[in-house]
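target.cif (mmCIF, C-alpha atoms and all ligand atoms) appears below.
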```
data_final
#
loop_
_atom_site.label_atom_id
_atom_site.label_comp_id
_atom_site.auth_asym_id
_atom_site.auth_seq_id
_atom_site.Cartn_x
_atom_site.Cartn_y
_atom_site.Cartn_z
CA MET A 1 0.00 0.00 0.00
CA SER A 2 1.22 3.54 -0.79
CA ASP A 3 2.22 6.17 1.76
CA VAL A 4 -0.56 8.44 0.50
CA TYR A 5 -3.08 9.26 3.21
CA ALA A 6 -6.64 10.38 2.64
CA SER A 7 -7.18 13.61 4.51
CA ILE A 8 -10.27 15.62 5.24
CA SER A 9 -9.90 18.87 3.28
CA ALA A 10 -13.36 20.34 3.93
CA VAL A 11 -16.30 19.69 6.23
CA HIS A 12 -19.88 20.93 6.13
CA GLY A 13 -23.14 20.26 7.96
CA TYR A 14 -26.83 20.94 7.67
CA VAL A 15 -29.71 20.90 10.13
CA PRO A 16 -33.29 21.86 9.32
CA ASP A 17 -34.71 25.04 10.85
CA ASP A 18 -37.62 23.45 12.73
CA VAL A 19 -36.85 22.72 16.40
CA LEU A 20 -38.62 20.04 18.45
CA THR A 21 -38.00 20.78 22.13
CA ASN A 22 -38.48 18.56 25.16
CA HIS A 23 -41.40 20.79 26.11
CA ASP A 24 -43.00 20.06 22.72
CA LEU A 25 -42.56 16.33 23.42
CA GLU A 26 -44.24 16.75 26.82
CA GLN A 27 -47.38 17.65 24.85
CA MET A 28 -47.08 14.54 22.67
CA VAL A 29 -46.13 11.68 25.05
CA ASP A 30 -45.94 11.01 28.79
CA THR A 31 -42.48 12.43 29.47
CA SER A 32 -40.77 15.46 30.99
CA ASP A 33 -37.92 17.79 30.13
CA GLU A 34 -36.25 16.75 33.38
CA TRP A 35 -36.40 13.01 32.49
CA ILE A 36 -35.08 13.54 28.98
CA VAL A 37 -32.22 15.85 29.98
CA SER A 38 -31.12 13.72 32.94
CA ARG A 39 -31.34 10.38 31.04
CA THR A 40 -30.03 11.48 27.64
CA GLY A 41 -28.59 15.03 27.74
CA ILE A 42 -30.89 16.06 24.88
CA LYS A 43 -32.73 19.41 25.07
CA GLU A 44 -33.95 19.73 21.51
CA ARG A 45 -33.62 18.22 18.07
CA ARG A 46 -34.27 19.39 14.49
CA ILE A 47 -37.07 18.08 12.28
CA LEU A 48 -37.18 18.29 8.49
CA LYS A 49 -40.69 19.46 7.63
CA GLY A 50 -42.38 20.04 4.31
CA GLU A 51 -44.09 17.91 1.70
CA GLY A 52 -41.57 16.10 -0.48
CA LYS A 53 -38.58 16.94 1.72
CA ALA A 54 -36.27 14.00 2.31
CA THR A 55 -32.78 12.93 3.33
CA THR A 56 -31.21 13.84 0.00
CA ASP A 57 -32.46 17.44 0.30
CA MET A 58 -30.24 17.76 3.36
CA GLY A 59 -27.43 15.91 1.58
CA VAL A 60 -27.61 18.36 -1.32
CA GLU A 61 -27.10 21.29 1.10
CA VAL A 62 -24.07 19.54 2.59
CA VAL A 63 -22.49 18.81 -0.80
CA LYS A 64 -23.07 22.36 -2.06
CA GLY A 65 -21.34 23.67 1.07
CA LEU A 66 -18.40 21.30 0.61
CA LEU A 67 -17.93 22.28 -3.05
CA GLU A 68 -18.14 25.98 -2.27
CA LYS A 69 -15.81 25.90 0.73
CA SER A 70 -13.17 23.87 -1.10
CA GLY A 71 -13.51 25.69 -4.42
CA THR A 72 -14.16 22.37 -6.14
CA ASP A 73 -16.01 22.05 -9.43
CA PRO A 74 -18.66 19.29 -9.36
CA SER A 75 -16.98 17.63 -12.36
CA GLU A 76 -13.86 16.96 -10.26
CA ILE A 77 -15.66 14.65 -7.80
CA ASP A 78 -14.86 10.96 -8.38
CA LEU A 79 -17.04 9.23 -5.80
CA VAL A 80 -19.87 10.07 -3.37
CA ILE A 81 -20.77 7.74 -0.50
CA LEU A 82 -23.91 8.43 1.55
CA ALA A 83 -24.22 6.77 4.96
CA THR A 84 -27.89 6.64 5.89
CA VAL A 85 -30.70 4.45 7.19
CA THR A 86 -33.34 6.77 5.76
CA SER A 87 -32.51 7.10 2.09
CA ASP A 88 -35.37 8.65 0.11
CA MET A 89 -36.43 5.20 -1.13
CA ASN A 90 -35.15 1.62 -0.72
CA PHE A 91 -33.76 2.16 -4.20
CA PRO A 92 -32.45 3.98 -6.14
CA ASP A 93 -29.80 5.01 -3.67
CA GLY A 94 -29.78 8.56 -2.34
CA ALA A 95 -26.14 9.25 -3.23
CA ASN A 96 -26.97 9.27 -6.95
CA THR A 97 -29.92 11.60 -6.39
CA ILE A 98 -27.62 14.00 -4.55
CA CYS A 99 -25.07 13.86 -7.39
CA SER A 100 -27.65 14.67 -10.02
CA LYS A 101 -28.97 17.63 -8.02
CA CYS A 102 -25.45 18.99 -7.46
CA GLY A 103 -24.19 18.66 -11.05
CA ILE A 104 -21.78 15.84 -10.13
CA ASN A 105 -21.75 13.96 -13.42
CA ASN A 106 -18.37 12.19 -13.50
CA ALA A 107 -18.72 10.23 -10.27
CA PHE A 108 -20.09 6.93 -9.16
CA ALA A 109 -22.12 6.98 -5.99
CA TYR A 110 -23.76 4.63 -3.54
CA ASP A 111 -25.32 4.39 -0.08
CA ILE A 112 -23.94 2.49 2.90
CA SER A 113 -26.28 1.27 5.62
CA ALA A 114 -24.71 0.41 8.98
CA ALA A 115 -27.02 2.29 11.36
CA CYS A 116 -25.16 4.80 13.53
CA SER A 117 -21.75 3.43 12.50
CA GLY A 118 -22.46 4.16 8.85
CA PHE A 119 -20.45 7.37 8.69
CA VAL A 120 -17.23 5.88 10.12
CA PHE A 121 -17.62 2.78 7.92
CA SER A 122 -18.12 5.05 4.89
CA LEU A 123 -15.23 7.33 5.79
CA PHE A 124 -12.85 4.40 6.09
CA THR A 125 -14.21 2.95 2.84
CA GLY A 126 -13.85 6.26 0.98
CA ALA A 127 -10.29 6.67 2.29
CA GLN A 128 -9.24 3.38 0.65
CA PHE A 129 -10.02 4.75 -2.82
CA ILE A 130 -7.61 7.64 -2.17
CA LYS A 131 -4.94 5.52 -0.52
CA THR A 132 -4.81 3.12 -3.46
CA GLY A 133 -4.45 6.07 -5.82
CA ALA A 134 -7.67 5.17 -7.64
CA TYR A 135 -9.35 8.52 -6.95
CA LYS A 136 -8.46 12.07 -5.92
CA LYS A 137 -11.70 13.59 -4.63
CA VAL A 138 -14.22 11.60 -2.62
CA ILE A 139 -17.22 12.99 -0.74
CA VAL A 140 -18.45 11.05 2.29
CA LEU A 141 -21.81 12.01 3.75
CA GLY A 142 -23.77 10.95 6.85
CA VAL A 143 -27.35 12.20 6.75
CA ASP A 144 -30.61 10.95 8.23
CA LYS A 145 -34.21 12.04 8.40
CA MET A 146 -34.96 10.01 11.52
CA SER A 147 -38.35 11.69 11.92
CA SER A 148 -39.50 9.58 8.96
CA ILE A 149 -39.07 6.32 10.91
CA VAL A 150 -39.66 7.43 14.51
CA ASP A 151 -42.94 6.69 16.27
CA TYR A 152 -44.06 9.91 17.97
CA THR A 153 -46.33 7.89 20.29
CA ASP A 154 -43.37 5.87 21.67
CA ARG A 155 -41.72 7.89 24.44
CA SER A 156 -38.74 5.56 24.66
CA THR A 157 -37.53 6.41 21.14
CA CYS A 158 -39.11 9.68 19.99
CA ILE A 159 -37.18 11.71 22.54
CA ILE A 160 -33.84 10.51 21.21
CA PHE A 161 -33.72 11.04 17.47
CA GLY A 162 -33.48 14.09 15.21
CA ASP A 163 -32.83 15.03 11.58
CA GLY A 164 -29.66 16.41 10.01
CA GLY A 165 -26.22 15.47 8.83
CA GLY A 166 -22.96 16.48 7.33
CA GLY A 167 -20.06 15.35 5.25
CA VAL A 168 -16.43 15.70 4.33
CA LEU A 169 -14.31 16.00 1.21
CA LEU A 170 -11.42 13.52 1.15
CA GLU A 171 -8.30 14.20 -0.89
CA PRO A 172 -4.74 12.83 -0.96
CA SER A 173 -2.83 14.60 1.80
CA GLU A 174 0.09 16.83 0.95
CA GLY A 175 2.17 15.67 3.91
CA ASP A 176 1.68 12.69 6.12
CA LEU A 177 -1.53 13.94 7.73
CA GLY A 178 -4.87 12.20 7.25
CA ILE A 179 -6.67 8.99 8.12
CA ARG A 180 -4.19 6.67 9.82
CA ASP A 181 -5.98 3.60 10.98
CA ALA A 182 -9.37 2.20 11.89
CA VAL A 183 -10.81 -0.57 14.02
CA MET A 184 -14.23 -1.73 12.86
CA GLY A 185 -16.47 -4.44 14.24
CA GLY A 186 -19.89 -5.98 14.31
CA ASP A 187 -22.07 -8.53 16.06
CA GLY A 188 -25.25 -9.51 14.24
CA SER A 189 -26.75 -11.06 17.36
CA GLY A 190 -27.44 -7.49 18.48
CA ARG A 191 -30.11 -7.14 15.78
CA GLU A 192 -32.84 -8.05 18.27
CA TYR A 193 -32.34 -4.84 20.26
CA LEU A 194 -32.59 -2.11 17.61
CA TYR A 195 -34.51 -2.57 14.38
CA GLN A 196 -37.28 -1.57 12.01
CA THR A 197 -39.54 -4.61 11.66
CA ALA A 198 -41.41 -3.94 8.43
CA GLY A 199 -40.64 -2.51 5.02
CA GLY A 200 -37.81 -4.88 4.13
CA SER A 201 -37.87 -8.22 2.33
CA LEU A 202 -38.58 -10.11 5.55
CA LYS A 203 -41.84 -8.30 6.16
CA PRO A 204 -42.83 -6.09 3.23
CA ALA A 205 -44.96 -3.06 4.09
CA SER A 206 -48.70 -3.74 4.14
CA ALA A 207 -51.80 -2.21 5.67
CA GLU A 208 -51.32 -4.61 8.60
CA THR A 209 -47.68 -3.66 9.23
CA VAL A 210 -48.57 0.03 9.14
CA ALA A 211 -51.49 -0.48 11.53
CA ALA A 212 -49.14 -2.34 13.90
CA ARG A 213 -46.65 0.57 13.65
CA GLU A 214 -43.96 -1.88 12.53
CA HIS A 215 -42.41 0.55 10.08
CA PHE A 216 -41.03 2.57 13.00
CA VAL A 217 -37.81 2.12 15.00
CA THR A 218 -37.99 -0.34 17.89
CA GLN A 219 -35.31 -0.18 20.56
CA ILE A 220 -34.61 -2.06 23.79
CA GLY A 221 -32.52 0.71 25.32
CA ARG A 222 -30.51 -0.92 28.11
CA PRO A 223 -28.62 -3.62 26.16
CA VAL A 224 -27.93 -1.05 23.44
CA PHE A 225 -26.49 1.31 26.05
CA LYS A 226 -24.14 -1.33 27.46
CA ALA A 227 -22.97 -2.58 24.07
CA ALA A 228 -22.43 1.01 22.88
CA VAL A 229 -20.06 1.76 25.74
CA SER A 230 -18.06 -1.44 25.32
CA GLY A 231 -17.97 -1.30 21.49
CA MET A 232 -16.61 2.24 21.44
CA LYS A 233 -14.27 1.78 24.41
CA ASP A 234 -12.73 -1.45 23.09
CA SER A 235 -12.24 -0.13 19.55
CA VAL A 236 -10.64 3.11 20.77
CA THR A 237 -8.35 1.18 23.13
CA THR A 238 -7.24 -1.20 20.36
CA LEU A 239 -6.68 1.72 18.00
CA LEU A 240 -4.44 3.56 20.48
CA GLU A 241 -2.51 0.44 21.48
CA ARG A 242 -1.67 -0.68 17.99
CA ASN A 243 -0.57 2.85 17.03
CA ASN A 244 1.60 3.15 20.17
CA LEU A 245 -0.34 6.18 21.36
CA THR A 246 -1.28 7.12 24.89
CA LYS A 247 -4.54 8.90 25.63
CA ASP A 248 -2.55 12.08 26.41
CA GLU A 249 -1.41 12.23 22.80
CA ILE A 250 -5.00 12.41 21.54
CA ASP A 251 -6.30 15.97 21.11
CA TRP A 252 -9.98 15.20 20.54
CA ILE A 253 -12.43 12.33 20.70
CA VAL A 254 -15.49 12.77 18.50
CA PRO A 255 -18.05 10.19 19.65
CA HIS A 256 -21.37 9.26 18.11
CA GLN A 257 -24.02 11.33 19.91
CA ALA A 258 -26.49 8.73 21.24
CA ASN A 259 -26.76 9.62 24.91
CA ILE A 260 -24.65 11.96 27.08
CA ARG A 261 -24.46 9.21 29.71
CA ILE A 262 -22.88 6.86 27.13
CA ILE A 263 -20.38 9.60 26.22
CA ASN A 264 -19.58 10.36 29.89
CA THR A 265 -19.13 6.66 30.70
CA LEU A 266 -16.89 6.19 27.66
CA ALA A 267 -14.69 9.15 28.63
CA SER A 268 -14.48 7.95 32.21
CA MET A 269 -13.53 4.38 31.21
CA LEU A 270 -10.85 5.73 28.86
CA ASP A 271 -9.76 8.18 31.59
CA PHE A 272 -10.08 10.93 28.98
CA PRO A 273 -11.01 14.54 29.95
CA MET A 274 -14.51 15.62 28.88
CA ASP A 275 -13.22 19.03 27.72
CA LYS A 276 -11.52 17.22 24.82
CA VAL A 277 -14.66 15.23 23.94
CA VAL A 278 -16.86 16.83 21.29
CA VAL A 279 -20.52 17.05 22.37
CA ASN A 280 -23.54 18.66 20.70
CA ILE A 281 -26.23 16.10 21.56
CA ASP A 282 -28.09 18.74 23.60
CA LYS A 283 -29.01 20.60 20.38
CA TYR A 284 -29.55 17.85 17.83
CA GLY A 285 -30.19 14.55 19.64
CA ASN A 286 -29.17 11.39 17.81
CA THR A 287 -29.16 12.05 14.06
CA THR A 288 -27.85 8.47 13.43
CA ASP A 289 -25.38 8.82 10.52
CA GLY A 290 -25.33 12.58 10.94
CA THR A 291 -23.84 12.92 14.40
CA ILE A 292 -20.09 12.67 13.71
CA PRO A 293 -19.97 14.93 10.63
CA LEU A 294 -22.21 17.44 12.45
CA CYS A 295 -19.70 17.44 15.33
CA LEU A 296 -16.77 17.91 12.92
CA TRP A 297 -18.61 20.82 11.28
CA GLU A 298 -19.47 22.55 14.56
CA PHE A 299 -16.03 22.09 16.13
CA GLU A 300 -13.99 22.66 12.95
CA SER A 301 -12.71 26.03 14.16
CA LYS A 302 -11.21 24.40 17.28
CA PHE A 303 -9.23 21.78 15.37
CA LYS A 304 -5.62 22.64 14.52
CA LYS A 305 -3.49 21.19 11.75
CA GLY A 306 -1.79 18.08 13.12
CA ASP A 307 -4.33 17.46 15.91
CA LYS A 308 -4.79 13.77 16.57
CA ILE A 309 -8.51 13.01 16.50
CA VAL A 310 -10.35 9.77 17.21
CA LEU A 311 -13.84 9.29 15.78
CA THR A 312 -15.87 6.53 17.42
CA ALA A 313 -19.35 5.21 16.73
CA PHE A 314 -21.77 2.46 17.68
CA GLY A 315 -25.02 1.48 16.07
CA GLY A 316 -27.74 -1.04 15.43
CA GLY A 317 -26.65 -4.36 14.02
CA PHE A 318 -24.68 -4.19 16.27
CA THR A 319 -21.95 -2.26 14.45
CA TRP A 320 -19.08 -0.18 15.79
CA GLY A 321 -15.87 1.43 14.72
CA SER A 322 -13.18 3.97 15.55
CA ILE A 323 -10.92 5.95 13.23
CA LEU A 324 -7.62 7.65 14.06
CA LEU A 325 -6.73 10.69 11.96
CA ASP A 326 -4.44 13.70 11.91
CA TRP A 327 -6.41 16.85 11.15
CA ALA A 328 -4.96 18.32 7.96
CA TYR A 329 -5.68 22.05 8.09
CA ASP A 330 -6.28 25.12 10.25
CA SER A 331 -9.81 26.12 9.44
CA ASN A 332 -9.17 29.86 9.67
N1 LIG B 401 -40.01 9.74 29.68
C1 LIG B 401 -40.29 9.25 30.90
N2 LIG B 401 -40.09 7.97 31.23
C2 LIG B 401 -39.57 7.16 30.28
C3 LIG B 401 -39.26 7.61 28.99
C4 LIG B 401 -39.50 8.95 28.71
N3 LIG B 401 -39.22 9.48 27.50
N4 LIG B 401 -38.76 6.58 28.29
C5 LIG B 401 -38.76 5.51 29.10
N5 LIG B 401 -39.27 5.85 30.31
C6 LIG B 401 -39.46 5.02 31.48
C7 LIG B 401 -39.62 3.57 31.14
O1 LIG B 401 -40.96 3.27 30.81
C8 LIG B 401 -39.20 2.92 32.44
O2 LIG B 401 -40.28 2.96 33.33
P1 LIG B 401 -40.58 1.74 34.33
O3 LIG B 401 -39.37 1.64 35.20
O4 LIG B 401 -41.81 2.18 35.04
O5 LIG B 401 -40.75 0.55 33.44
C9 LIG B 401 -38.11 3.84 32.97
O6 LIG B 401 -38.29 5.09 32.29
C10 LIG B 401 -36.71 3.34 32.71
O7 LIG B 401 -36.65 2.89 31.36
P2 LIG B 401 -35.28 2.44 30.74
O8 LIG B 401 -35.50 2.08 29.31
O9 LIG B 401 -34.69 1.38 31.61
O10 LIG B 401 -34.47 3.80 30.86
P3 LIG B 401 -32.95 4.06 30.59
O11 LIG B 401 -32.36 4.75 31.75
O12 LIG B 401 -32.26 2.85 30.06
O13 LIG B 401 -33.01 5.14 29.42
C11 LIG B 401 -32.66 5.19 27.05
C12 LIG B 401 -33.60 4.80 28.18
C13 LIG B 401 -33.29 4.76 25.74
C14 LIG B 401 -32.48 6.70 27.11
C15 LIG B 401 -31.30 4.50 27.27
O14 LIG B 401 -31.49 3.12 27.52
C16 LIG B 401 -30.36 4.64 26.11
O15 LIG B 401 -29.92 5.73 25.80
N6 LIG B 401 -30.00 3.54 25.47
C17 LIG B 401 -29.11 3.56 24.35
C18 LIG B 401 -29.80 4.20 23.20
C19 LIG B 401 -28.89 4.38 22.05
O16 LIG B 401 -27.75 4.67 22.24
N7 LIG B 401 -29.43 4.22 20.87
C20 LIG B 401 -28.78 4.45 19.65
C21 LIG B 401 -27.71 3.49 19.46
S1 LIG B 401 -26.74 4.04 18.22
#
```

So, in terms of structure tokens, how does the structure I just supplied come out?
Amino acid sequence: MSDVYASISAVHGYVPDDVLTNHDLEQMVDTSDEWIVSRTGIKERRILKGEGKATTDMGVEVVKGLLEKSGTDPSEIDLVILATVTSDMNFPDGANTICSKCGINNAFAYDISAACSGFVFSLFTGAQFIKTGAYKKVIVLGVDKMSSIVDYTDRSTCIIFGDGGGGVLLEPSEGDLGIRDAVMGGDGSGREYLYQTAGGSLKPASAETVAAREHFVTQIGRPVFKAAVSGMKDSVTTLLERNNLTKDEIDWIVPHQANIRIINTLASMLDFPMDKVVVNIDKYGNTTDGTIPLCLWEFESKFKKGDKIVLTAFGGGFTWGSILLDWAYDSN
């Protein structure tokens, strides 16, 4: 393999304007702002409203921002990967829709579905195309319209999720900065704890499945919580050990935003200070594939060229993964 590293050369995010607060949810289900904040850390989340508005509409905003910020012509893009569990339709994939709406005509594009780990899986996948020398400009997106699959009569899930996402442009790095290593994993026996029953080939959508609300997310929260902590902790630990790094040499951890208690527990088990852990769950909730790129976008101005950053995610499946990278630019 070559010494070329794929580095992030631009980052952008998008969240819809409409805000759904905990007080709004108090009017919809039997819950309270106090319960939600103390159990999850979430105060509000964004909801994409409007007839005909879907995940790719948010993806288009992200791609336009990436092209503009990086001064890239759409024709230069080689590949677009969209991590999502809420593509506009089962097929065609959303990545191609985004390309056609952004004038990206020389690229191939596809979606990756790995629940909340989809963005890190996609980022590591996209980086391989740069590292092998096959491509020079790859866009990796993580975007979800979770409000399209959340049951707003189920208090155990509707308080958690929100809409939004972001993405990055990957290019060959000029020095030796960029994506260094990744530890990815999965355990399909976890599928019984977080799933969408109907709408797939196992149980195609029907009047009965809709009446039984089976096209919405179902989650058994406690086992997911425990597996999320161990999946992220173990993959970060392995990543640091095999790169001969101590926790003190890491400048930032950017964790998937599922629950502030998961993030706090993770930081405590890694003995890592919370002021170097990126958190914005209070504003956006869990946007599934959107959380990590939204964090990168919001904290971009704090990252310095050469900062060592660990991204870590856990999701349904179960799936998990952590990526070690050297940030490649000073944003200002
Ligand atoms: N408001 C008030 N009470 C609620 C509630 C809500 N929104 N949701 C659940 N409860 C109740 C439950 O009914 C239960 O009541 P009971 O004891 O009378 O049966 C009680 O609160 C405790 O429920 P439990 O599910 O054990 O709570 P929890 O502390 O585990 O918190 C989650 C629930 C979902 C917040 C938490 O389990 C979690 O975050 N899990 C991981 C989720 C996740 O990371 N998902 C994405 C993976 S990528």

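Considering all atoms listed in the file, the residue among A:Asp187, A:Glu44, A:Glu61, A:Asp88 positioned nearest to Phe314 in chain A is A:Asp187.
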
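Near Glu192 in chain A, within a cut-off of 12 Å and counting only C-alpha atoms, sit the residues Asp187, Gly188, Ser189, Tyr195, Gln196, Thr197, Val217, Thr218, Gln219, Ile220, Gly221, Pro223, Val224, Gly316, Gly317 and Phe318 of chain A, with same-chain residues fewer than 3 positions away left out.
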
Which residues of chain A sit at most 9 Å from ligand LIG 401 (chain B), using only C-alpha atoms and all ligand atoms? Give each one's shortest atom pair and distance in Å (one decimal place), in chain and ascending residue order, as a tab-separated table.
```
residue	atom	partner	partner_atom	distance
A:Leu25	CA	B:LIG401	N3	8.6
A:Glu26	CA	B:LIG401	N1	8.7
A:Val29	CA	B:LIG401	N3	7.7
A:Asp30	CA	B:LIG401	N1	6.1
A:Thr31	CA	B:LIG401	N1	3.7
A:Ser32	CA	B:LIG401	N1	5.9
A:Asp33	CA	B:LIG401	N1	8.3
A:Glu34	CA	B:LIG401	N1	8.8
A:Trp35	CA	B:LIG401	N1	5.6
A:Ile36	CA	B:LIG401	N3	6.0
A:Arg39	CA	B:LIG401	C14	5.5
A:Thr40	CA	B:LIG401	C14	5.4
A:Ala115	CA	B:LIG401	S1	7.1
A:Cys116	CA	B:LIG401	S1	5.0
A:Ser117	CA	B:LIG401	S1	7.6
A:Asp154	CA	B:LIG401	N3	8.0
A:Arg155	CA	B:LIG401	N3	4.3
A:Ser156	CA	B:LIG401	N4	3.8
A:Thr157	CA	B:LIG401	C13	6.5
A:Cys158	CA	B:LIG401	N3	7.5
A:Ile159	CA	B:LIG401	N3	5.8
A:Ile160	CA	B:LIG401	C14	7.2
A:Phe161	CA	B:LIG401	C20	8.5
A:Leu194	CA	B:LIG401	C21	7.7
A:Gln219	CA	B:LIG401	N7	7.4
A:Ile220	CA	B:LIG401	O8	7.0
A:Gly221	CA	B:LIG401	O14	3.4
A:Arg222	CA	B:LIG401	O14	4.2
A:Pro223	CA	B:LIG401	N6	7.3
A:Val224	CA	B:LIG401	C17	4.8
A:Phe225	CA	B:LIG401	C17	3.8
A:Lys226	CA	B:LIG401	C17	7.6
A:Ala227	CA	B:LIG401	C17	8.7
A:Ala228	CA	B:LIG401	O16	6.5
A:Val229	CA	B:LIG401	O16	8.9
A:His256	CA	B:LIG401	S1	7.5
A:Gln257	CA	B:LIG401	S1	8.0
A:Ala258	CA	B:LIG401	O16	4.4
A:Asn259	CA	B:LIG401	O15	5.1
A:Ile260	CA	B:LIG401	O15	8.3
A:Arg261	CA	B:LIG401	O15	7.6
A:Ile262	CA	B:LIG401	O16	7.2
A:Asn286	CA	B:LIG401	C20	7.2
A:Thr288	CA	B:LIG401	S1	6.6
A:Ala313	CA	B:LIG401	S1	7.6
A:Phe314	CA	B:LIG401	S1	5.2
A:Gly315	CA	B:LIG401	S1	3.8
A:Gly316	CA	B:LIG401	S1	5.9
A:Phe318	CA	B:LIG401	S1	8.7
A:Thr319	CA	B:LIG401	S1	8.8
```

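For the residues A:Ile77, A:Ser201, A:Ile281, A:Val140, ranking by smallest atom-to-atom distance to Asn105 in chain A using only C-alpha atoms places A:Ile77 first.
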
Do a neighbour search on Pro273 in chain A at 12 Å with all atoms listed in the file, toss out local chain neighbours closer than 4 positions, and write the hits as number ranges by chain. A: 247-248, 250-253, 263-269, 277-278

Using all atoms listed in the file, which protein or nucleic acid residues come within 7 Å of Leu141 in chain A? Drop anything in the same chain fewer than 6 positions from it, and give the result as a PyMOL selection string. chain A and resi 81-83+119+166-168

Prev. selection, C-alpha atoms, output as a JSON list (two decimals), in the frame of the given file:
```
[["chain", "number", "residue", "atom", "x", "y", "z"],
["A", 81, "ILE", "CA", -20.77, 7.74, -0.50],
["A", 82, "LEU", "CA", -23.91, 8.43, 1.55],
["A", 83, "ALA", "CA", -24.22, 6.77, 4.96],
["A", 119, "PHE", "CA", -20.45, 7.37, 8.69],
["A", 166, "GLY", "CA", -22.96, 16.48, 7.33],
["A", 167, "GLY", "CA", -20.06, 15.35, 5.25],
["A", 168, "VAL", "CA", -16.43, 15.70, 4.33]]
```

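Shortest atom-to-atom contact with Asp57 in chain A among A:Ala205, A:Val80, A:Ala95, A:Ile8: A:Ala95, counting all atoms listed in the file.
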
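Using all atoms listed in the file for every distance, the candidate list A:Trp327, A:Ile139, A:Gly306, A:His12 yields A:Ile139 as the residue closest to Leu123 in chain A.
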
Of the residues A:Tyr193, A:Phe108, A:Tyr14, A:Tyr5, which is the one nearest to Ala127 in chain A, using all atoms listed in the file? A:Tyr5

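Residues in contact range of Gly200 in chain A, defined as at most 12 Å between all atoms listed in the file, with sequence neighbours fewer than 2 positions away removed, read Met89, Asn90, Phe91, Tyr195, Gln196, Thr197, Ala198, Leu202, Lys203, Pro204, Ala205, Ser206, Thr209, Glu214 and His215 of chain A.
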
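Residue nearest Lys276 in chain A within the list A:Leu48, A:Met146, A:Val254, A:Leu296: A:Val254 [criterion: smallest interatomic distance, all atoms listed in the file].
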
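CA of Gly285 in chain A is positioned 5.5 Å from CA of Ile42 in chain A.
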
Interatomic distance between CA of Leu169 in chain A and CA of Gly290 in chain A? 15.1 Å

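The space separating CA of Gly164 in chain A from CA of Ser301 in chain A comes to 19.9 Å.
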
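Around Ser147 in chain A, within 10 Å and counting all atoms listed in the file, the residues found are Arg46, Ile47, Leu48, Lys49, Thr86, Asp151, Tyr152, Cys158, Phe161, Gly162, Asp163, Phe216 and Thr287 of chain A, once anything fewer than 4 positions away on its own chain is removed.
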
Convert the current residue selection to file output with C-alpha atoms, as a PDB file, in the frame of the given file.
```pdb
ATOM      1  CA  ARG A  46     -34.270  19.390  14.490  1.00  0.00           C
ATOM      2  CA  ILE A  47     -37.070  18.080  12.280  1.00  0.00           C
ATOM      3  CA  LEU A  48     -37.180  18.290   8.490  1.00  0.00           C
ATOM      4  CA  LYS A  49     -40.690  19.460   7.630  1.00  0.00           C
ATOM      5  CA  THR A  86     -33.340   6.770   5.760  1.00  0.00           C
ATOM      6  CA  ASP A 151     -42.940   6.690  16.270  1.00  0.00           C
ATOM      7  CA  TYR A 152     -44.060   9.910  17.970  1.00  0.00           C
ATOM      8  CA  CYS A 158     -39.110   9.680  19.990  1.00  0.00           C
ATOM      9  CA  PHE A 161     -33.720  11.040  17.470  1.00  0.00           C
ATOM     10  CA  GLY A 162     -33.480  14.090  15.210  1.00  0.00           C
ATOM     11  CA  ASP A 163     -32.830  15.030  11.580  1.00  0.00           C
ATOM     12  CA  PHE A 216     -41.030   2.570  13.000  1.00  0.00           C
ATOM     13  CA  THR A 287     -29.160  12.050  14.060  1.00  0.00           C
TER      14      THR A 287
END
```
